[in-house]
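Engineer: Quick one: this structure, given as structure tokens, is what I'll be asking you about.
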2 protein chains.
Amino acid sequence: MLSKKTKYAIKALVALGKNIENPPMQIVRLAEQEMIPRKFLEQILLDLRNAGYLYSKKGAGGGYSLNKDAKDIYLVDILRITDGPIAMVPCASLKFYRKCDECHDEVTCGIRKTFIDVRDATLKILTHTSIADVIARETSDPLQF
Amino acid sequence: MLSKKTKYAIKALVALGKNIENPPMQIVRLAEQEMIPRKFLEQILLDLRNAGYLYSKKGAGGGYSLNKDAKDIYLVDILRITDGPIAMVPCASLKFYRKCDECHDEVTCGIRKTFIDVRDATLKILTHTSIADVIARETSDPLQF
DNA sequence: ATAAATAACTACTACTTATATAGACTTTAT
DNA sequence: ATAAAGTCTATATAAGTAGTAGTTATTTAT
């Protein structure tokens, strides 16, 4: 399951992606608008910023805005920042590989291949879905899906 | 990430699936052989039994064995018993549907469709991978994969 | 009939991770 | 100088996962 952190991150990015008129947007405003606990959101935005997805400005008139075009921010990248691995077992993870505790011999592990396939199928979707896509789906006629 | 419970469940089913010579197999033996905490395994086996996947017999000479052919026990079913939903968001779950806390309008939710796609891609694999497949992969030449 | 072997069931404890909060510090605009 | 923001680190709380304990029920062997 996606953590709340990830859901909040996506919501924040979507809100910032829509906020094209008058950036930057302050944490407090964003928190209120999206109903996210303020201090929790603060940490999440910081992570996204440190990963290069957000631009921030301190001081009066400061706030947050996207540091990339919404169409160049993919869900997979966000998930990896906030939740870590995409794979369901550490030994099948591309970016967060770890040996499974329970596994004595990875070479003959009967489930690894399956979960690598699951990971790849998941990646295929998440690497092609951007914040812009999410925004498009929010605002467009739901019947088209 | 898969829980240990799920990994232990798969290991137990695989072990029982291989144990065709002299069933039934006792919890204690299974726990030792697979290095699973005995009392924890006990609970897991009980769940699998109550879900119809295992047959059990009490008393001397009793123990556990598969209640179905290993080729008819699919990973997806095991995951659902031990970990619950396959989907990454509750609102995209087929068998454990729940409204997302953070979601105010599911119809215009921008991520739901994506995570339904992810779920379907995952299901496609997990509904076609059986305990028999896992056993086959364990014992066969790893290079074929 | 009794004892021994085994699973069934329930309750509880410990540990870990996720979620949320607090407060002091830094930068910028006016 | 002051106020308005973000930055950073530490801590508290809640929830979930993993594991343990003990008691009961059933079956088999003698």
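In the structure tokens, each chain is lettered A, B, ... as it comes, each chain's residues begin at 1, and ligands are numbered from 1 in order of appearance.
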As a PyMOL selection string, please: the residues near Leu2 of chain B (cut-off 10 Å, only C-alpha atoms (C1' of nucleotides), same-chain neighbours under 4 positions excluded).
Structural biologist: (chain A and resi 87-90) or (chain B and resi 6-7+79+82-83)
Engineer: Could you turn the residues from that selection into a file that holds C-alpha atoms, as a CSV table (one decimal), in the first residue's frame?
Structural biologist:
chain,number,residue,atom,x,y,z
A,87,ALA,CA,9.3,-4.2,-6.0
A,88,MET,CA,7.5,-6.4,-3.5
A,89,VAL,CA,10.6,-8.2,-2.4
A,90,PRO,CA,13.9,-6.5,-1.8
B,6,THR,CA,3.5,-14.2,3.2
B,7,LYS,CA,7.0,-15.4,2.5
B,79,LEU,CA,-1.0,-13.0,-0.8
B,82,THR,CA,-1.7,-13.3,4.4
B,83,ASP,CA,-1.2,-9.7,3.2
Engineer: Could you list, as number ranges by chain, every residue of chain B that has an atom within 8 Å of an atom of chain A, counting only C-alpha atoms?
Structural biologist: B: 1-2, 7, 87-90, 102, 107-111, 113-114, 117-118, 121-122, 125-126, 129, 133-140, 142, 145
Engineer: Output, as a compact mmCIF listing (two decimals) with N, CA and C atoms, in the first residue's frame, the coordinates of chain B following least-squares superposition onto chain A across all in-order C-alpha pairs.
Structural biologist:
# COMPACT_ATOMS: atom_id res chain seq x y z
N MET B 1 0.81 -1.20 -0.04
CA MET B 1 0.00 0.02 0.00
C MET B 1 0.86 1.29 0.01
N LEU B 2 0.40 2.25 -0.72
CA LEU B 2 1.10 3.54 -0.71
C LEU B 2 0.99 4.15 0.68
N SER B 3 2.05 4.76 1.13
CA SER B 3 2.00 5.47 2.41
C SER B 3 1.26 6.79 2.21
N LYS B 4 0.82 7.35 3.33
CA LYS B 4 0.19 8.67 3.26
C LYS B 4 1.21 9.69 2.75
N LYS B 5 2.43 9.48 3.12
CA LYS B 5 3.50 10.36 2.69
C LYS B 5 3.51 10.48 1.16
N THR B 6 3.42 9.34 0.51
CA THR B 6 3.42 9.32 -0.95
C THR B 6 2.17 9.99 -1.52
N LYS B 7 1.04 9.70 -0.92
CA LYS B 7 -0.19 10.32 -1.42
C LYS B 7 -0.14 11.83 -1.25
N TYR B 8 0.36 12.26 -0.09
CA TYR B 8 0.49 13.70 0.13
C TYR B 8 1.46 14.30 -0.86
N ALA B 9 2.54 13.60 -1.14
CA ALA B 9 3.54 14.10 -2.08
C ALA B 9 2.91 14.30 -3.46
N ILE B 10 2.15 13.32 -3.90
CA ILE B 10 1.50 13.42 -5.21
C ILE B 10 0.51 14.58 -5.22
N LYS B 11 -0.27 14.67 -4.16
CA LYS B 11 -1.24 15.77 -4.08
C LYS B 11 -0.56 17.13 -4.14
N ALA B 12 0.54 17.23 -3.40
CA ALA B 12 1.26 18.50 -3.38
C ALA B 12 1.81 18.84 -4.77
N LEU B 13 2.38 17.86 -5.43
CA LEU B 13 2.94 18.09 -6.76
C LEU B 13 1.84 18.48 -7.74
N VAL B 14 0.71 17.82 -7.63
CA VAL B 14 -0.41 18.13 -8.49
C VAL B 14 -0.88 19.56 -8.24
N ALA B 15 -1.00 19.91 -6.97
CA ALA B 15 -1.44 21.27 -6.63
C ALA B 15 -0.46 22.31 -7.15
N LEU B 16 0.82 22.03 -6.99
CA LEU B 16 1.83 22.98 -7.47
C LEU B 16 1.84 23.02 -9.00
N GLY B 17 1.56 21.89 -9.59
CA GLY B 17 1.51 21.83 -11.05
C GLY B 17 0.35 22.64 -11.62
N LYS B 18 -0.69 22.75 -10.84
CA LYS B 18 -1.85 23.53 -11.28
C LYS B 18 -1.69 25.01 -10.98
N ASN B 19 -0.85 25.29 -10.03
CA ASN B 19 -0.66 26.67 -9.56
C ASN B 19 0.29 27.43 -10.48
N ILE B 20 -0.14 27.67 -11.72
CA ILE B 20 0.75 28.31 -12.69
C ILE B 20 0.61 29.83 -12.71
N GLU B 21 -0.53 30.31 -12.20
CA GLU B 21 -0.76 31.76 -12.24
C GLU B 21 0.20 32.53 -11.32
N ASN B 22 0.17 32.17 -10.04
CA ASN B 22 0.94 32.99 -9.11
C ASN B 22 1.84 32.21 -8.15
N PRO B 23 2.84 31.53 -8.70
CA PRO B 23 3.77 30.87 -7.81
C PRO B 23 4.68 31.90 -7.18
N PRO B 24 5.45 31.56 -6.12
CA PRO B 24 5.42 30.28 -5.42
C PRO B 24 4.26 30.18 -4.43
N MET B 25 4.02 28.96 -3.96
CA MET B 25 2.92 28.71 -3.03
C MET B 25 3.53 28.36 -1.66
N GLN B 26 2.97 28.95 -0.63
CA GLN B 26 3.50 28.69 0.71
C GLN B 26 3.01 27.36 1.28
N ILE B 27 3.87 26.75 2.10
CA ILE B 27 3.53 25.48 2.74
C ILE B 27 2.17 25.56 3.41
N VAL B 28 1.97 26.63 4.18
CA VAL B 28 0.73 26.75 4.95
C VAL B 28 -0.49 26.71 4.04
N ARG B 29 -0.43 27.48 2.97
CA ARG B 29 -1.56 27.51 2.03
C ARG B 29 -1.80 26.12 1.44
N LEU B 30 -0.71 25.52 0.99
CA LEU B 30 -0.78 24.20 0.37
C LEU B 30 -1.37 23.18 1.35
N ALA B 31 -0.91 23.26 2.59
CA ALA B 31 -1.38 22.32 3.61
C ALA B 31 -2.89 22.49 3.84
N GLU B 32 -3.30 23.73 3.92
CA GLU B 32 -4.74 23.98 4.15
C GLU B 32 -5.57 23.52 2.97
N GLN B 33 -5.14 23.93 1.79
CA GLN B 33 -5.88 23.60 0.57
C GLN B 33 -6.02 22.09 0.37
N GLU B 34 -4.94 21.37 0.63
CA GLU B 34 -4.95 19.92 0.37
C GLU B 34 -5.26 19.10 1.62
N MET B 35 -5.49 19.78 2.72
CA MET B 35 -5.79 19.12 3.99
C MET B 35 -4.72 18.11 4.40
N ILE B 36 -3.51 18.60 4.43
CA ILE B 36 -2.36 17.79 4.83
C ILE B 36 -1.77 18.43 6.08
N PRO B 37 -1.46 17.65 7.11
CA PRO B 37 -0.84 18.22 8.31
C PRO B 37 0.40 19.04 7.94
N ARG B 38 0.42 20.27 8.40
CA ARG B 38 1.42 21.23 7.92
C ARG B 38 2.87 20.77 8.10
N LYS B 39 3.20 20.34 9.31
CA LYS B 39 4.59 19.98 9.56
C LYS B 39 5.01 18.71 8.83
N PHE B 40 4.04 17.86 8.61
CA PHE B 40 4.33 16.63 7.88
C PHE B 40 4.60 16.98 6.42
N LEU B 41 3.77 17.86 5.88
CA LEU B 41 3.95 18.31 4.51
C LEU B 41 5.31 18.97 4.32
N GLU B 42 5.70 19.72 5.33
CA GLU B 42 6.98 20.42 5.30
C GLU B 42 8.12 19.44 5.01
N GLN B 43 8.10 18.33 5.74
CA GLN B 43 9.13 17.30 5.55
C GLN B 43 9.09 16.70 4.15
N ILE B 44 7.89 16.46 3.70
CA ILE B 44 7.72 15.84 2.38
C ILE B 44 8.23 16.77 1.29
N LEU B 45 7.86 18.04 1.39
CA LEU B 45 8.30 19.01 0.39
C LEU B 45 9.83 19.13 0.38
N LEU B 46 10.39 19.04 1.57
CA LEU B 46 11.84 19.13 1.68
C LEU B 46 12.50 17.97 0.94
N ASP B 47 11.95 16.79 1.11
CA ASP B 47 12.48 15.61 0.41
C ASP B 47 12.40 15.80 -1.10
N LEU B 48 11.25 16.28 -1.54
CA LEU B 48 11.04 16.46 -2.98
C LEU B 48 11.98 17.54 -3.52
N ARG B 49 12.18 18.54 -2.70
CA ARG B 49 13.09 19.62 -3.10
C ARG B 49 14.52 19.10 -3.19
N ASN B 50 14.95 18.39 -2.16
CA ASN B 50 16.32 17.87 -2.15
C ASN B 50 16.55 16.87 -3.29
N ALA B 51 15.48 16.28 -3.76
CA ALA B 51 15.61 15.36 -4.88
C ALA B 51 15.53 16.10 -6.22
N GLY B 52 15.35 17.41 -6.16
CA GLY B 52 15.38 18.21 -7.37
C GLY B 52 14.06 18.46 -8.07
N TYR B 53 12.97 18.04 -7.46
CA TYR B 53 11.67 18.20 -8.12
C TYR B 53 10.98 19.51 -7.80
N LEU B 54 11.42 20.15 -6.71
CA LEU B 54 10.79 21.41 -6.34
C LEU B 54 11.83 22.52 -6.22
N TYR B 55 11.36 23.72 -6.44
CA TYR B 55 12.16 24.90 -6.21
C TYR B 55 11.56 25.61 -5.00
N SER B 56 12.40 26.10 -4.11
CA SER B 56 11.86 26.80 -2.95
C SER B 56 12.54 28.14 -2.77
N LYS B 57 11.81 29.02 -2.14
CA LYS B 57 12.35 30.35 -1.88
C LYS B 57 11.93 30.77 -0.49
N LYS B 58 12.89 31.20 0.30
CA LYS B 58 12.58 31.62 1.66
C LYS B 58 12.11 33.06 1.69
N GLY B 59 11.69 33.47 2.88
CA GLY B 59 11.33 34.87 3.10
C GLY B 59 9.97 35.26 2.57
N ALA B 60 9.61 36.49 2.87
CA ALA B 60 8.31 37.00 2.46
C ALA B 60 8.12 36.81 0.96
N GLY B 61 6.96 36.32 0.60
CA GLY B 61 6.68 36.08 -0.81
C GLY B 61 7.31 34.81 -1.34
N GLY B 62 7.95 34.08 -0.42
CA GLY B 62 8.58 32.81 -0.83
C GLY B 62 7.58 31.68 -0.89
N GLY B 63 8.10 30.47 -1.01
CA GLY B 63 7.23 29.30 -1.08
C GLY B 63 7.80 28.26 -2.01
N TYR B 64 6.93 27.39 -2.47
CA TYR B 64 7.38 26.29 -3.32
C TYR B 64 6.76 26.35 -4.71
N SER B 65 7.53 25.88 -5.68
CA SER B 65 6.97 25.66 -7.02
C SER B 65 7.69 24.49 -7.66
N LEU B 66 7.13 23.98 -8.74
CA LEU B 66 7.78 22.86 -9.43
C LEU B 66 9.11 23.32 -10.04
N ASN B 67 10.07 22.46 -9.99
CA ASN B 67 11.37 22.76 -10.56
C ASN B 67 11.54 22.13 -11.94
N LYS B 68 10.52 21.33 -12.33
CA LYS B 68 10.51 20.71 -13.65
C LYS B 68 9.10 20.83 -14.19
N ASP B 69 8.98 20.62 -15.44
CA ASP B 69 7.66 20.59 -16.04
C ASP B 69 6.90 19.39 -15.48
N ALA B 70 5.61 19.58 -15.22
CA ALA B 70 4.80 18.50 -14.64
C ALA B 70 4.83 17.25 -15.51
N LYS B 71 5.05 17.40 -16.78
CA LYS B 71 5.06 16.22 -17.66
C LYS B 71 6.38 15.45 -17.56
N ASP B 72 7.35 16.04 -16.85
CA ASP B 72 8.64 15.36 -16.67
C ASP B 72 8.84 14.82 -15.26
N ILE B 73 7.77 14.83 -14.48
CA ILE B 73 7.86 14.27 -13.13
C ILE B 73 7.00 13.01 -13.12
N TYR B 74 7.65 11.87 -13.01
CA TYR B 74 6.94 10.60 -13.09
C TYR B 74 6.63 10.02 -11.72
N LEU B 75 5.50 9.38 -11.63
CA LEU B 75 5.09 8.78 -10.36
C LEU B 75 6.17 7.87 -9.78
N VAL B 76 6.81 7.11 -10.64
CA VAL B 76 7.83 6.19 -10.13
C VAL B 76 8.91 6.91 -9.31
N ASP B 77 9.27 8.10 -9.76
CA ASP B 77 10.31 8.85 -9.05
C ASP B 77 9.83 9.29 -7.68
N ILE B 78 8.58 9.72 -7.64
CA ILE B 78 8.01 10.18 -6.37
C ILE B 78 7.91 9.01 -5.40
N LEU B 79 7.37 7.89 -5.87
CA LEU B 79 7.27 6.70 -5.02
C LEU B 79 8.62 6.30 -4.44
N ARG B 80 9.62 6.36 -5.26
CA ARG B 80 10.95 5.96 -4.77
C ARG B 80 11.48 6.91 -3.71
N ILE B 81 11.15 8.17 -3.82
CA ILE B 81 11.59 9.13 -2.82
C ILE B 81 10.84 8.92 -1.50
N THR B 82 9.56 8.71 -1.60
CA THR B 82 8.75 8.69 -0.38
C THR B 82 8.53 7.29 0.19
N ASP B 83 8.46 6.29 -0.67
CA ASP B 83 8.21 4.93 -0.18
C ASP B 83 9.37 3.97 -0.39
N GLY B 84 10.34 4.38 -1.17
CA GLY B 84 11.46 3.49 -1.44
C GLY B 84 11.17 2.55 -2.59
N PRO B 85 11.51 1.27 -2.44
CA PRO B 85 11.44 0.33 -3.55
C PRO B 85 10.05 0.12 -4.14
N ILE B 86 10.01 -0.15 -5.42
CA ILE B 86 8.78 -0.47 -6.13
C ILE B 86 8.48 -1.96 -6.01
N ALA B 87 9.52 -2.76 -6.02
CA ALA B 87 9.36 -4.22 -5.98
C ALA B 87 8.75 -4.69 -4.66
N MET B 88 8.13 -5.86 -4.71
CA MET B 88 7.48 -6.42 -3.53
C MET B 88 8.42 -7.24 -2.66
N VAL B 89 9.58 -7.57 -3.20
CA VAL B 89 10.62 -8.22 -2.40
C VAL B 89 11.93 -7.48 -2.66
N PRO B 90 12.72 -7.29 -1.62
CA PRO B 90 13.95 -6.50 -1.78
C PRO B 90 14.89 -7.05 -2.85
N CYS B 91 14.91 -8.38 -3.01
CA CYS B 91 15.84 -8.98 -3.95
C CYS B 91 15.40 -8.76 -5.40
N ALA B 92 14.20 -8.22 -5.59
CA ALA B 92 13.71 -7.94 -6.94
C ALA B 92 13.73 -6.44 -7.23
N SER B 93 14.31 -5.69 -6.33
CA SER B 93 14.32 -4.24 -6.48
C SER B 93 15.48 -3.77 -7.36
N LEU B 94 15.16 -2.85 -8.25
CA LEU B 94 16.15 -2.31 -9.18
C LEU B 94 17.03 -1.28 -8.47
N LYS B 95 16.40 -0.40 -7.71
CA LYS B 95 17.13 0.72 -7.10
C LYS B 95 17.45 0.52 -5.63
N PHE B 96 16.77 -0.43 -4.99
CA PHE B 96 16.98 -0.63 -3.55
C PHE B 96 17.27 -2.10 -3.26
N TYR B 97 18.04 -2.72 -4.14
CA TYR B 97 18.31 -4.14 -3.98
C TYR B 97 18.87 -4.50 -2.59
N ARG B 98 18.34 -5.56 -2.03
CA ARG B 98 18.83 -6.14 -0.78
C ARG B 98 18.53 -7.62 -0.83
N LYS B 99 19.35 -8.42 -0.19
CA LYS B 99 19.08 -9.84 -0.12
C LYS B 99 17.90 -10.05 0.82
N CYS B 100 17.00 -10.98 0.46
CA CYS B 100 15.89 -11.28 1.37
C CYS B 100 16.42 -12.06 2.57
N ASP B 101 15.94 -11.69 3.75
CA ASP B 101 16.36 -12.38 4.98
C ASP B 101 16.09 -13.87 4.91
N GLU B 102 14.93 -14.20 4.39
CA GLU B 102 14.45 -15.57 4.43
C GLU B 102 15.07 -16.44 3.35
N CYS B 103 15.76 -15.80 2.42
CA CYS B 103 16.21 -16.51 1.23
C CYS B 103 17.62 -17.04 1.41
N HIS B 104 17.78 -18.34 1.22
CA HIS B 104 19.09 -18.92 1.44
C HIS B 104 19.93 -19.03 0.17
N ASP B 105 19.24 -19.14 -0.97
CA ASP B 105 19.98 -19.21 -2.23
C ASP B 105 19.18 -18.50 -3.32
N GLU B 106 19.62 -17.31 -3.62
CA GLU B 106 18.87 -16.47 -4.55
C GLU B 106 18.77 -17.08 -5.95
N VAL B 107 19.81 -17.79 -6.32
CA VAL B 107 19.86 -18.36 -7.66
C VAL B 107 18.72 -19.36 -7.89
N THR B 108 18.42 -20.14 -6.87
CA THR B 108 17.36 -21.12 -7.04
C THR B 108 16.04 -20.67 -6.40
N CYS B 109 15.96 -19.40 -6.06
CA CYS B 109 14.73 -18.89 -5.44
C CYS B 109 13.58 -18.99 -6.42
N GLY B 110 12.52 -19.60 -5.99
CA GLY B 110 11.39 -19.86 -6.89
C GLY B 110 10.47 -18.70 -7.12
N ILE B 111 10.57 -17.68 -6.29
CA ILE B 111 9.63 -16.56 -6.45
C ILE B 111 10.27 -15.31 -7.04
N ARG B 112 11.58 -15.26 -7.01
CA ARG B 112 12.25 -14.04 -7.44
C ARG B 112 11.86 -13.60 -8.85
N LYS B 113 11.93 -14.55 -9.78
CA LYS B 113 11.62 -14.22 -11.16
C LYS B 113 10.20 -13.65 -11.30
N THR B 114 9.28 -14.25 -10.60
CA THR B 114 7.90 -13.77 -10.65
C THR B 114 7.79 -12.33 -10.17
N PHE B 115 8.48 -12.04 -9.08
CA PHE B 115 8.37 -10.69 -8.54
C PHE B 115 9.21 -9.67 -9.30
N ILE B 116 10.17 -10.16 -10.07
CA ILE B 116 10.85 -9.26 -11.00
C ILE B 116 9.89 -8.92 -12.14
N ASP B 117 9.14 -9.90 -12.56
CA ASP B 117 8.14 -9.63 -13.61
C ASP B 117 7.09 -8.63 -13.14
N VAL B 118 6.65 -8.83 -11.89
CA VAL B 118 5.66 -7.90 -11.33
C VAL B 118 6.25 -6.49 -11.27
N ARG B 119 7.44 -6.42 -10.79
CA ARG B 119 8.12 -5.12 -10.72
C ARG B 119 8.18 -4.46 -12.10
N ASP B 120 8.58 -5.23 -13.11
CA ASP B 120 8.71 -4.66 -14.45
C ASP B 120 7.37 -4.18 -15.00
N ALA B 121 6.34 -4.95 -14.72
CA ALA B 121 5.00 -4.56 -15.19
C ALA B 121 4.56 -3.27 -14.50
N THR B 122 4.89 -3.17 -13.23
CA THR B 122 4.54 -1.97 -12.47
C THR B 122 5.33 -0.77 -12.96
N LEU B 123 6.63 -0.98 -13.16
CA LEU B 123 7.48 0.10 -13.64
C LEU B 123 7.02 0.63 -14.99
N LYS B 124 6.62 -0.30 -15.84
CA LYS B 124 6.18 0.09 -17.18
C LYS B 124 5.08 1.15 -17.11
N ILE B 125 4.22 0.99 -16.12
CA ILE B 125 3.13 1.95 -15.96
C ILE B 125 3.60 3.21 -15.24
N LEU B 126 4.28 3.03 -14.14
CA LEU B 126 4.64 4.19 -13.32
C LEU B 126 5.71 5.08 -13.94
N THR B 127 6.53 4.50 -14.83
CA THR B 127 7.53 5.35 -15.50
C THR B 127 6.93 6.11 -16.67
N HIS B 128 5.68 5.82 -16.98
CA HIS B 128 5.04 6.54 -18.08
C HIS B 128 3.89 7.42 -17.62
N THR B 129 3.70 7.49 -16.31
CA THR B 129 2.63 8.34 -15.81
C THR B 129 3.24 9.52 -15.06
N SER B 130 2.97 10.70 -15.58
CA SER B 130 3.55 11.91 -15.00
C SER B 130 2.52 12.69 -14.19
N ILE B 131 3.00 13.66 -13.46
CA ILE B 131 2.10 14.55 -12.72
C ILE B 131 1.15 15.25 -13.70
N ALA B 132 1.64 15.56 -14.88
CA ALA B 132 0.78 16.18 -15.88
C ALA B 132 -0.38 15.24 -16.26
N ASP B 133 -0.07 13.96 -16.38
CA ASP B 133 -1.12 12.97 -16.68
C ASP B 133 -2.15 12.94 -15.57
N VAL B 134 -1.66 12.97 -14.34
CA VAL B 134 -2.57 12.93 -13.19
C VAL B 134 -3.48 14.15 -13.22
N ILE B 135 -2.90 15.30 -13.47
CA ILE B 135 -3.70 16.52 -13.55
C ILE B 135 -4.73 16.42 -14.67
N ALA B 136 -4.29 15.92 -15.81
CA ALA B 136 -5.21 15.78 -16.95
C ALA B 136 -6.39 14.90 -16.57
N ARG B 137 -6.12 13.83 -15.88
CA ARG B 137 -7.19 12.91 -15.51
C ARG B 137 -8.13 13.50 -14.48
N GLU B 138 -7.60 14.33 -13.62
CA GLU B 138 -8.45 14.97 -12.61
C GLU B 138 -9.47 15.88 -13.23
N THR B 139 -9.01 16.62 -14.24
CA THR B 139 -9.85 17.68 -14.75
C THR B 139 -10.69 17.26 -15.94
N SER B 140 -10.29 16.19 -16.59
CA SER B 140 -11.02 15.81 -17.80
C SER B 140 -12.27 14.99 -17.48
N ASP B 141 -13.05 14.76 -18.50
CA ASP B 141 -14.27 13.96 -18.38
C ASP B 141 -13.91 12.55 -17.91
N PRO B 142 -14.41 12.17 -16.75
CA PRO B 142 -14.06 10.86 -16.21
C PRO B 142 -14.51 9.69 -17.10
N LEU B 143 -15.52 9.93 -17.92
CA LEU B 143 -16.04 8.85 -18.74
C LEU B 143 -15.05 8.38 -19.80
N GLN B 144 -14.09 9.21 -20.12
CA GLN B 144 -13.15 8.80 -21.15
C GLN B 144 -12.23 7.68 -20.66
N PHE B 145 -12.23 7.43 -19.38
CA PHE B 145 -11.36 6.35 -18.87
C PHE B 145 -12.14 5.07 -18.60
Engineer: Record the distance separating atom C1' of DA1 of chain C and atom C1' of DT24 of chain D, expressed in Å with one decimal.
Structural biologist: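 That distance, rounded to one decimal, is 20.3 Å.
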Engineer: Give me, as a Markdown table, the closest atom pair and its distance (Å, one decimal) for every residue of chain C within a cut-off of 9 Å of chain B, counting only C-alpha atoms (C1' of nucleotides), rows sorted by chain and rising number.
Structural biologist:
| residue | atom | partner | partner_atom | distance |
| --- | --- | --- | --- | --- |
| C:DA4 | C1' | B:Ala60 | CA | 7.8 |
| C:DA5 | C1' | B:Ala60 | CA | 4.4 |
| C:DT6 | C1' | B:Gly59 | CA | 4.1 |
| C:DA7 | C1' | B:Lys58 | CA | 4.9 |
| C:DA8 | C1' | B:Leu46 | CA | 7.9 |
Engineer: Since we have the selection now, will you write its residues out, keeping C-alpha atoms (C1' of nucleotides), as a PDB file, in the first residue's frame?
Structural biologist:
ATOM      1  C1'  DA C   4       1.164 -39.113  24.269  1.00  0.00           C
ATOM      2  C1'  DA C   5       1.179 -36.593  20.118  1.00  0.00           C
ATOM      3  C1'  DT C   6      -0.513 -33.270  17.509  1.00  0.00           C
ATOM      4  C1'  DA C   7      -3.331 -29.336  15.712  1.00  0.00           C
ATOM      5  C1'  DA C   8      -6.720 -25.317  17.143  1.00  0.00           C
TER       6       DA C   8
END
Engineer: How many Å lie between atom C1' of DC12 of chain C and atom C1' of DT11 of chain D, rounded to one decimal?
Structural biologist: 27.9 Å
Engineer: Determine which residues of chain D sit within 6 Å of chain A, taking into account only C-alpha atoms (C1' of nucleotides), and present them as a ChimeraX atom specification.
Structural biologist: /D:4-6
Engineer: Export, as a PDB file, in the first residue's frame, the selected residues with C-alpha atoms (C1' of nucleotides).
Structural biologist:
ATOM      1  C1'  DA D   4       7.505  36.079   6.598  1.00  0.00           C
ATOM      2  C1'  DA D   5       8.786  32.443   4.845  1.00  0.00           C
ATOM      3  C1'  DG D   6      11.613  27.738   4.315  1.00  0.00           C
TER       4       DG D   6
END
Engineer: Would you mind writing down, as a list in words, each residue of segment 93-136 of chain B that DSSP on the backbone assigns to helix (DSSP H, G or I)?
Structural biologist: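 Helix (DSSP H, G or I) assignments inside segment 93-136 of chain B correspond to Glu106, Val107, Thr108, Arg112, Lys113, Thr114, Phe115, Ile116, Asp117, Val118, Arg119, Asp120, Ala121, Thr122, Leu123, Lys124, Ile125, Leu126, Ile131, Ala132, Asp133, Val134, Ile135 and Ala136 of chain B.
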Engineer: Step one, run DSSP on the backbone; step two, keep only residues of segment 33-122 of chain A assigned to strand (DSSP E); then write them as a ChimeraX atom specification.
Structural biologist: /A:54-57,63-66
Engineer: Keeping only C-alpha atoms, write the selected residues to a file as a compact mmCIF listing (two decimals), in the first residue's frame.
Structural biologist:
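selection19.txt, freshly written:
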# COMPACT_ATOMS: atom_id res chain seq x y z
CA LEU A 54 10.79 21.38 -6.35
CA TYR A 55 12.16 24.88 -6.21
CA SER A 56 11.87 26.73 -2.94
CA LYS A 57 12.41 30.27 -1.87
CA GLY A 63 7.24 29.29 -1.09
CA TYR A 64 7.37 26.28 -3.35
CA SER A 65 6.97 25.67 -7.04
CA LEU A 66 7.77 22.86 -9.46
Engineer: By how many Å are atom C1' of DA1 of chain D and atom C1' of DT27 of chain C apart?
Structural biologist: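 So the answer is 14.6 Å.
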